[in-house]
file model-v4.pdb (PDB, C-alpha atoms, pLDDT in the B column)
MODEL        1
ATOM      1  CA  MET A 207      40.887 -56.387-191.707  1.00 55.00           C
ATOM      2  CA  ASN A 208      42.589 -55.846-195.003  1.00 61.00           C
ATOM      3  CA  ARG A 209      41.614 -58.276-197.674  1.00 66.00           C
ATOM      4  CA  PHE A 210      44.693 -57.761-199.846  1.00 62.00           C
ATOM      5  CA  ASP A 211      48.204 -58.559-198.883  1.00 59.00           C
ATOM      6  CA  TYR A 212      50.409 -55.834-200.326  1.00 59.00           C
ATOM      7  CA  ARG A 213      53.634 -57.356-199.240  1.00 61.00           C
ATOM      8  CA  VAL A 214      55.758 -58.762-202.039  1.00 58.00           C
ATOM      9  CA  PRO A 215      57.654 -61.856-201.160  1.00 58.00           C
ATOM     10  CA  ARG A 216      61.380 -61.219-201.585  1.00 55.00           C
ATOM     11  CA  SER A 217      64.217 -63.530-201.764  1.00 60.00           C
ATOM     12  CA  GLY A 218      67.509 -62.218-200.382  1.00 64.00           C
ATOM     13  CA  ARG A 219      69.385 -62.633-203.626  1.00 70.00           C
ATOM     14  CA  SER A 220      66.976 -60.699-205.903  1.00 72.00           C
ATOM     15  CA  ALA A 221      66.887 -57.773-203.461  1.00 72.00           C
ATOM     16  CA  LYS A 222      70.688 -57.548-203.520  1.00 79.00           C
ATOM     17  CA  LEU A 223      70.747 -57.679-207.331  1.00 78.00           C
ATOM     18  CA  ALA A 224      68.099 -54.969-207.596  1.00 78.00           C
ATOM     19  CA  GLY A 225      70.060 -52.726-205.206  1.00 80.00           C
ATOM     20  CA  LEU A 226      73.297 -53.323-207.085  1.00 82.00           C
ATOM     21  CA  ALA A 227      71.674 -52.562-210.450  1.00 84.00           C
ATOM     22  CA  ALA A 228      70.122 -49.342-209.118  1.00 83.00           C
ATOM     23  CA  SER A 229      73.487 -48.268-207.691  1.00 84.00           C
ATOM     24  CA  ALA A 230      75.210 -48.951-211.026  1.00 83.00           C
ATOM     25  CA  VAL A 231      72.642 -46.899-212.960  1.00 81.00           C
ATOM     26  CA  ILE A 232      72.890 -43.978-210.515  1.00 83.00           C
ATOM     27  CA  GLY A 233      76.708 -44.111-210.624  1.00 78.00           C
ATOM     28  CA  ALA A 234      76.792 -44.164-214.433  1.00 77.00           C
ATOM     29  CA  VAL A 235      74.424 -41.190-214.684  1.00 74.00           C
ATOM     30  CA  ALA A 236      76.428 -39.229-212.116  1.00 72.00           C
ATOM     31  CA  LEU A 237      79.768 -39.894-213.808  1.00 69.00           C
ATOM     32  CA  SER A 238      78.614 -39.197-217.350  1.00 68.00           C
ATOM     33  CA  GLY A 239      76.510 -36.154-216.560  1.00 64.00           C
ATOM     34  CA  CYS A 240      78.791 -34.202-214.216  1.00 59.00           C
ATOM     35  CA  GLY A 241      80.490 -32.108-216.888  1.00 60.00           C
ATOM     36  CA  ALA A 242      77.906 -32.267-219.645  1.00 58.00           C
ATOM     37  CA  GLY A 243      77.098 -28.855-221.059  1.00 61.00           C
ATOM     38  CA  GLN A 244      79.363 -26.985-218.682  1.00 63.00           C
ATOM     39  CA  LEU A 245      82.164 -24.560-219.595  1.00 65.00           C
ATOM     40  CA  SER A 246      85.472 -25.290-217.998  1.00 63.00           C
ATOM     41  CA  GLN A 247      86.957 -22.654-215.732  1.00 63.00           C
ATOM     42  CA  THR A 248      90.048 -22.357-217.916  1.00 64.00           C
ATOM     43  CA  ALA A 249      88.272 -22.152-221.275  1.00 61.00           C
ATOM     44  CA  MET A 250      88.393 -18.351-221.486  1.00 61.00           C
ATOM     45  CA  GLN A 251      91.451 -17.559-219.375  1.00 61.00           C
ATOM     46  CA  GLN A 252      93.999 -15.124-220.703  1.00 61.00           C
ATOM     47  CA  SER A 253      97.694 -15.518-220.134  1.00 61.00           C
ATOM     48  CA  ALA A 254      99.120 -13.621-217.175  1.00 61.00           C
ATOM     49  CA  VAL A 255     101.384 -11.228-219.074  1.00 67.00           C
ATOM     50  CA  ASP A 256     101.499  -7.453-219.132  1.00 74.00           C
ATOM     51  CA  GLY A 257     101.042  -7.034-222.882  1.00 85.00           C
ATOM     52  CA  ASN A 258      98.406  -7.570-225.511  1.00 89.00           C
ATOM     53  CA  GLN A 259      98.231 -10.088-228.353  1.00 92.00           C
ATOM     54  CA  ALA A 260      97.119 -10.320-231.976  1.00 95.00           C
ATOM     55  CA  VAL A 261      97.285 -12.661-234.960  1.00 95.00           C
ATOM     56  CA  VAL A 262      97.575 -11.707-238.623  1.00 95.00           C
ATOM     57  CA  LYS A 263      97.524 -14.678-241.000  1.00 94.00           C
ATOM     58  CA  ASN A 264     100.504 -16.875-239.946  1.00 95.00           C
ATOM     59  CA  VAL A 265     102.101 -14.356-237.573  1.00 97.00           C
ATOM     60  CA  ALA A 266     101.171 -14.294-233.885  1.00 96.00           C
ATOM     61  CA  LEU A 267     102.174 -11.309-231.747  1.00 96.00           C
ATOM     62  CA  ARG A 268     102.402 -12.014-228.020  1.00 93.00           C
ATOM     63  CA  ASN A 269     102.979  -9.888-224.919  1.00 92.00           C
ATOM     64  CA  VAL A 270     103.018  -6.611-226.908  1.00 95.00           C
ATOM     65  CA  ARG A 271     103.747  -3.679-224.609  1.00 95.00           C
ATOM     66  CA  ILE A 272     105.536  -0.378-224.234  1.00 95.00           C
ATOM     67  CA  GLN A 273     108.210  -0.802-221.599  1.00 93.00           C
ATOM     68  CA  ALA A 274     109.001   2.397-219.711  1.00 92.00           C
ATOM     69  CA  LEU A 275     109.621   3.570-216.182  1.00 90.00           C
ATOM     70  CA  GLN A 276     107.149   6.343-215.446  1.00 90.00           C
ATOM     71  CA  THR A 277     108.340   8.662-212.654  1.00 91.00           C
ATOM     72  CA  SER A 278     105.853  11.499-213.162  1.00 91.00           C
ATOM     73  CA  ASP A 279     102.277  11.881-214.362  1.00 93.00           C
ATOM     74  CA  TYR A 280     103.269  11.389-217.995  1.00 94.00           C
ATOM     75  CA  LEU A 281     106.089  10.243-220.206  1.00 95.00           C
ATOM     76  CA  HIS A 282     106.856  13.426-222.129  1.00 96.00           C
ATOM     77  CA  PRO A 283     107.426  14.145-225.828  1.00 97.00           C
ATOM     78  CA  GLY A 284     111.110  13.675-226.591  1.00 96.00           C
ATOM     79  CA  ASP A 285     111.399  10.663-224.260  1.00 96.00           C
ATOM     80  CA  THR A 286     112.367   7.339-225.820  1.00 96.00           C
ATOM     81  CA  VAL A 287     110.583   4.151-224.745  1.00 96.00           C
ATOM     82  CA  ASP A 288     111.048   0.505-225.717  1.00 96.00           C
ATOM     83  CA  LEU A 289     108.493  -1.544-227.618  1.00 96.00           C
ATOM     84  CA  VAL A 290     108.630  -5.167-226.446  1.00 95.00           C
ATOM     85  CA  LEU A 291     106.928  -8.238-227.924  1.00 95.00           C
ATOM     86  CA  VAL A 292     107.408 -11.741-229.268  1.00 94.00           C
ATOM     87  CA  ALA A 293     106.455 -12.428-232.899  1.00 96.00           C
ATOM     88  CA  VAL A 294     105.959 -16.071-233.876  1.00 96.00           C
ATOM     89  CA  ASN A 295     105.831 -17.282-237.474  1.00 96.00           C
ATOM     90  CA  GLN A 296     103.333 -20.135-237.390  1.00 95.00           C
ATOM     91  CA  SER A 297     103.993 -21.110-240.994  1.00 95.00           C
ATOM     92  CA  PRO A 298     106.297 -24.112-241.427  1.00 94.00           C
ATOM     93  CA  ASP A 299     107.508 -22.997-244.882  1.00 95.00           C
ATOM     94  CA  ILE A 300     106.988 -19.232-245.443  1.00 95.00           C
ATOM     95  CA  THR A 301     109.554 -16.642-244.353  1.00 96.00           C
ATOM     96  CA  ASP A 302     108.079 -13.267-243.410  1.00 96.00           C
ATOM     97  CA  LYS A 303     109.578  -9.936-242.408  1.00 96.00           C
ATOM     98  CA  LEU A 304     108.527  -7.098-240.125  1.00 96.00           C
ATOM     99  CA  VAL A 305     108.788  -4.178-242.577  1.00 96.00           C
ATOM    100  CA  GLY A 306     107.524  -1.425-240.312  1.00 96.00           C
ATOM    101  CA  ILE A 307     105.883  -0.345-237.083  1.00 97.00           C
ATOM    102  CA  THR A 308     103.808   2.842-236.833  1.00 97.00           C
ATOM    103  CA  THR A 309     101.961   4.643-234.063  1.00 97.00           C
ATOM    104  CA  ASP A 310     100.461   8.086-233.557  1.00 96.00           C
ATOM    105  CA  ILE A 311     102.424   8.618-230.312  1.00 97.00           C
ATOM    106  CA  GLY A 312     105.837   8.867-231.992  1.00 97.00           C
ATOM    107  CA  LYS A 313     108.379   7.569-234.494  1.00 98.00           C
ATOM    108  CA  VAL A 314     109.318   3.894-234.204  1.00 97.00           C
ATOM    109  CA  THR A 315     112.866   2.792-235.023  1.00 97.00           C
ATOM    110  CA  VAL A 316     113.680  -0.898-235.483  1.00 96.00           C
ATOM    111  CA  THR A 317     117.343  -1.959-235.189  1.00 96.00           C
ATOM    112  CA  GLY A 318     118.452  -5.377-236.424  1.00 95.00           C
ATOM    113  CA  ASP A 319     117.200  -7.903-238.969  1.00 95.00           C
ATOM    114  CA  PRO A 320     113.434  -8.363-238.429  1.00 95.00           C
ATOM    115  CA  THR A 321     113.140 -11.527-240.521  1.00 95.00           C
ATOM    116  CA  LEU A 322     110.728 -14.166-239.254  1.00 95.00           C
ATOM    117  CA  HIS A 323     111.987 -17.564-240.397  1.00 95.00           C
ATOM    118  CA  PRO A 324     109.515 -20.433-240.933  1.00 95.00           C
ATOM    119  CA  SER A 325     108.364 -21.696-237.528  1.00 93.00           C
ATOM    120  CA  GLY A 326     110.630 -19.022-236.073  1.00 94.00           C
ATOM    121  CA  VAL A 327     110.477 -16.520-233.229  1.00 95.00           C
ATOM    122  CA  LEU A 328     111.435 -12.845-233.295  1.00 95.00           C
ATOM    123  CA  PHE A 329     112.052 -11.179-229.942  1.00 94.00           C
ATOM    124  CA  VAL A 330     111.507  -7.434-230.177  1.00 95.00           C
ATOM    125  CA  GLY A 331     113.207  -5.830-227.185  1.00 90.00           C
ATOM    126  CA  THR A 332     114.330  -7.717-224.109  1.00 81.00           C
ATOM    127  CA  GLN A 333     111.826  -9.987-222.430  1.00 69.00           C
ATOM    128  CA  GLY A 334     112.169 -10.414-218.667  1.00 63.00           C
ATOM    129  CA  ASP A 335     112.297 -14.212-218.891  1.00 54.00           C
ATOM    130  CA  GLN A 336     114.194 -14.334-222.184  1.00 53.00           C
ATOM    131  CA  PRO A 337     117.392 -16.394-222.158  1.00 48.00           C
ATOM    132  CA  LYS A 338     120.622 -14.382-222.193  1.00 47.00           C
ATOM    133  CA  LYS A 339     121.474 -15.843-225.589  1.00 49.00           C
ATOM    134  CA  VAL A 340     118.789 -16.353-228.200  1.00 50.00           C
ATOM    135  CA  ASP A 341     120.818 -19.344-229.426  1.00 49.00           C
ATOM    136  CA  ASP A 342     119.638 -21.192-226.308  1.00 54.00           C
ATOM    137  CA  ILE A 343     116.112 -21.335-227.764  1.00 55.00           C
ATOM    138  CA  GLY A 344     116.946 -22.626-231.219  1.00 59.00           C
ATOM    139  CA  GLU A 345     118.162 -21.684-234.632  1.00 66.00           C
ATOM    140  CA  ASN A 346     114.924 -19.962-235.678  1.00 78.00           C
ATOM    141  CA  ALA A 347     115.029 -17.253-233.001  1.00 87.00           C
ATOM    142  CA  ASP A 348     116.276 -13.721-233.613  1.00 90.00           C
ATOM    143  CA  THR A 349     116.300 -10.485-231.643  1.00 92.00           C
ATOM    144  CA  VAL A 350     115.766  -6.874-232.738  1.00 95.00           C
ATOM    145  CA  LYS A 351     115.290  -3.646-230.810  1.00 96.00           C
ATOM    146  CA  ALA A 352     112.375  -1.267-231.306  1.00 97.00           C
ATOM    147  CA  THR A 353     112.183   2.176-229.721  1.00 97.00           C
ATOM    148  CA  ILE A 354     109.556   4.900-229.881  1.00 97.00           C
ATOM    149  CA  ALA A 355     110.663   8.546-229.814  1.00 98.00           C
ATOM    150  CA  LEU A 356     107.555  10.080-228.243  1.00 97.00           C
ATOM    151  CA  SER A 357     105.828  12.994-229.978  1.00 97.00           C
ATOM    152  CA  LYS A 358     102.879  12.982-227.545  1.00 96.00           C
ATOM    153  CA  PRO A 359     102.641  12.532-223.780  1.00 96.00           C
ATOM    154  CA  ILE A 360     101.610   9.032-222.681  1.00 96.00           C
ATOM    155  CA  THR A 361     100.747   7.565-219.295  1.00 94.00           C
ATOM    156  CA  ASN A 362      99.928   4.252-217.623  1.00 91.00           C
ATOM    157  CA  GLY A 363      96.318   3.171-217.972  1.00 90.00           C
ATOM    158  CA  PRO A 364      95.193   3.739-221.544  1.00 93.00           C
ATOM    159  CA  ASN A 365      96.289   1.609-224.470  1.00 95.00           C
ATOM    160  CA  TYR A 366      98.003   3.146-227.497  1.00 97.00           C
ATOM    161  CA  ASP A 367      97.416   1.830-231.024  1.00 97.00           C
ATOM    162  CA  VAL A 368     100.505   0.408-232.693  1.00 97.00           C
ATOM    163  CA  THR A 369     100.363  -1.010-236.236  1.00 97.00           C
ATOM    164  CA  PHE A 370     102.705  -3.812-237.284  1.00 97.00           C
ATOM    165  CA  ASN A 371     103.335  -4.263-241.023  1.00 97.00           C
ATOM    166  CA  PHE A 372     104.589  -7.614-242.284  1.00 97.00           C
ATOM    167  CA  GLU A 373     105.816  -8.280-245.802  1.00 97.00           C
ATOM    168  CA  LYS A 374     103.541 -11.292-246.456  1.00 96.00           C
ATOM    169  CA  ALA A 375     101.090 -11.454-243.545  1.00 96.00           C
ATOM    170  CA  GLY A 376      99.964  -7.834-243.896  1.00 96.00           C
ATOM    171  CA  SER A 377      99.121  -5.320-241.179  1.00 97.00           C
ATOM    172  CA  VAL A 378      97.568  -5.581-237.750  1.00 97.00           C
ATOM    173  CA  SER A 379      96.800  -2.826-235.254  1.00 97.00           C
ATOM    174  CA  VAL A 380      97.218  -3.676-231.578  1.00 96.00           C
ATOM    175  CA  PRO A 381      96.119  -1.637-228.520  1.00 96.00           C
ATOM    176  CA  VAL A 382      99.330  -1.569-226.483  1.00 96.00           C
ATOM    177  CA  PRO A 383      99.623  -0.863-222.731  1.00 95.00           C
ATOM    178  CA  ILE A 384     102.578   0.624-220.853  1.00 93.00           C
ATOM    179  CA  SER A 385     104.454  -1.745-218.582  1.00 90.00           C
ATOM    180  CA  ALA A 386     107.203  -0.966-216.075  1.00 85.00           C
ATOM    181  CA  PRO A 387     110.541  -2.649-216.776  1.00 82.00           C
ATOM    182  CA  GLU A 388     111.279  -5.778-214.807  1.00 74.00           C
ATOM    183  CA  PRO A 389     114.005  -5.567-212.161  1.00 70.00           C
ATOM    184  CA  SER A 390     117.408  -6.581-213.485  1.00 61.00           C
ATOM    185  CA  ASN A 391     118.470  -8.413-210.309  1.00 56.00           C
ATOM    186  CA  ARG A 392     116.412 -11.551-210.991  1.00 50.00           C
TER     187      ARG A 392
ENDMDL
END
call {"tool": "encode", "arguments": {"input": "model-v4.pdb", "output": "structure tokens"}}
result
Amino acid sequence: MNRFDYRVPRSGRSAKLAGLAASAVIGAVALSGCGAGQLSQTAMQQSAVDGNQAVVKNVALRNVRIQALQTSDYLHPGDTVDLVLVAVNQSPDITDKLVGITTDIGKVTVTGDPTLHPSGVLFVGTQGDQPKKVDDIGENADTVKATIALSKPITNGPNYDVTFNFEKAGSVSVPVPISAPEPSNR
């Protein structure tokens, strides 16, 4: 026979309190520790647009791409293609200006006033989801057209370096892909 009685006398109330306390501690640990030290799934996601992006000082370039319909293996020298992007002036008080665009694939011509007003937007080319009138977006939005007269053959797949020169922000070189134009019957 066993000389020691290992059973601990329990009262009903203290057992319930002990169970409730243990449940509270487990719940608190589970809730506070679920996301600790983890990277969110959206932390490194890129936007789902065809073009590339860059930032130079206060100017952000978004959705930068060459827009052209390629019907053969290459777009040939002598062809003209559109350069499409959105430039955003992130400065609330400094006006900037796009003074030039250069690339080794051809001569770039910019038509219109490429001034970037403070906190303003400059649409270069026609964006697929751009409003019909830039006035619909606000007073700090302008539109210009940029075309590249190709001096070299280009094709879908590789990116082509395009350098944007701004009066105050400086220069930035962006690897630019080719994108097919969006259908006009949207």
call {"tool": "closest_atom_pairs", "arguments": {"input": "model-v4.pdb", "of": "segment 350-382 of chain A", "to": "segment 299-321 of chain A", "cutoff": "6 Å", "atoms": "only C-alpha atoms", "output": "Markdown table"}}
result
| residue | atom | partner | partner_atom | distance |
| --- | --- | --- | --- | --- |
| A:Val350 | CA | A:Gly318 | CA | 4.8 |
| A:Lys351 | CA | A:Thr317 | CA | 5.1 |
| A:Ala352 | CA | A:Val316 | CA | 4.4 |
| A:Thr353 | CA | A:Thr315 | CA | 5.4 |
| A:Ile354 | CA | A:Val314 | CA | 4.4 |
| A:Ala355 | CA | A:Lys313 | CA | 5.3 |
| A:Leu356 | CA | A:Gly312 | CA | 4.3 |
| A:Ser357 | CA | A:Gly312 | CA | 4.6 |
| A:Lys358 | CA | A:Ile311 | CA | 5.2 |
| A:Val368 | CA | A:Thr309 | CA | 4.7 |
| A:Thr369 | CA | A:Thr308 | CA | 5.2 |
| A:Phe370 | CA | A:Ile307 | CA | 4.7 |
| A:Asn371 | CA | A:Gly306 | CA | 5.1 |
| A:Phe372 | CA | A:Leu304 | CA | 4.5 |
| A:Glu373 | CA | A:Lys303 | CA | 5.3 |
| A:Lys374 | CA | A:Asp302 | CA | 5.8 |
call {"tool": "atom_distance", "arguments": {"input": "model-v4.pdb", "atom1": "atom CA of Ser297 of chain A", "atom2": "atom CA of Val380 of chain A"}}
result
20.9 Å
call {"tool": "axis_aligned_box", "arguments": {"input": "model-v4.pdb", "around": "segment 222-238 of chain A", "padding_each_side": "4 Å", "output": "JSON"}}
result
{"center_x": 73.9, "center_y": -48.4, "center_z": -210.4, "size_x": 19.7, "size_y": 26.5, "size_z": 21.8}
call {"tool": "residues_around", "arguments": {"input": "model-v4.pdb", "residues": "Asn258 of chain A", "least_positions_apart": "3", "cutoff": "7 Å", "atoms": "all atoms listed in the file", "output": "list in words"}}
result
Arg268, Asn269, Val270, Arg271 and Val382 of chain A
call {"tool": "resolve_selection", "arguments": {"input": "model-v4.pdb", "expression": "the PyMOL selection byres ((chain A and resi 348) around 9)", "output": "NGL selection string"}}
result
:A and (319-323 or 326-330 or 340-341 or 345-347 or 349-350)
call {"tool": "atom_distance", "arguments": {"input": "model-v4.pdb", "atom1": "atom CA of Gln273 of chain A", "atom2": "atom CA of Ala375 of chain A"}}
result
25.4 Å
call {"tool": "decode", "arguments": {"input": "model-v4.pdb", "residues": "segment 260-279 of chain A", "atoms": "C-alpha atoms", "output": "compact mmCIF listing (two decimals), in the first residue's frame"}}
result
# COMPACT_ATOMS: atom_id res chain seq x y z
CA ALA A 260 11.94 55.51 -60.68
CA VAL A 261 12.35 58.43 -58.29
CA VAL A 262 14.79 61.32 -58.58
CA LYS A 263 14.67 63.75 -55.66
CA ASN A 264 11.05 65.05 -55.57
CA VAL A 265 9.97 63.60 -58.93
CA ALA A 266 8.44 60.13 -59.15
CA LEU A 267 8.12 58.43 -62.54
CA ARG A 268 5.44 55.74 -62.73
CA ASN A 269 4.38 53.20 -65.36
CA VAL A 270 7.21 54.17 -67.76
CA ARG A 271 6.93 52.20 -70.99
CA ILE A 272 7.30 52.29 -74.74
CA GLN A 273 3.87 51.82 -76.26
CA ALA A 274 3.94 50.16 -79.67
CA LEU A 275 2.10 47.49 -81.60
CA GLN A 276 4.67 44.95 -82.75
CA THR A 277 3.50 42.97 -85.80
CA SER A 278 6.82 41.39 -86.77
CA ASP A 279 9.96 40.21 -85.01
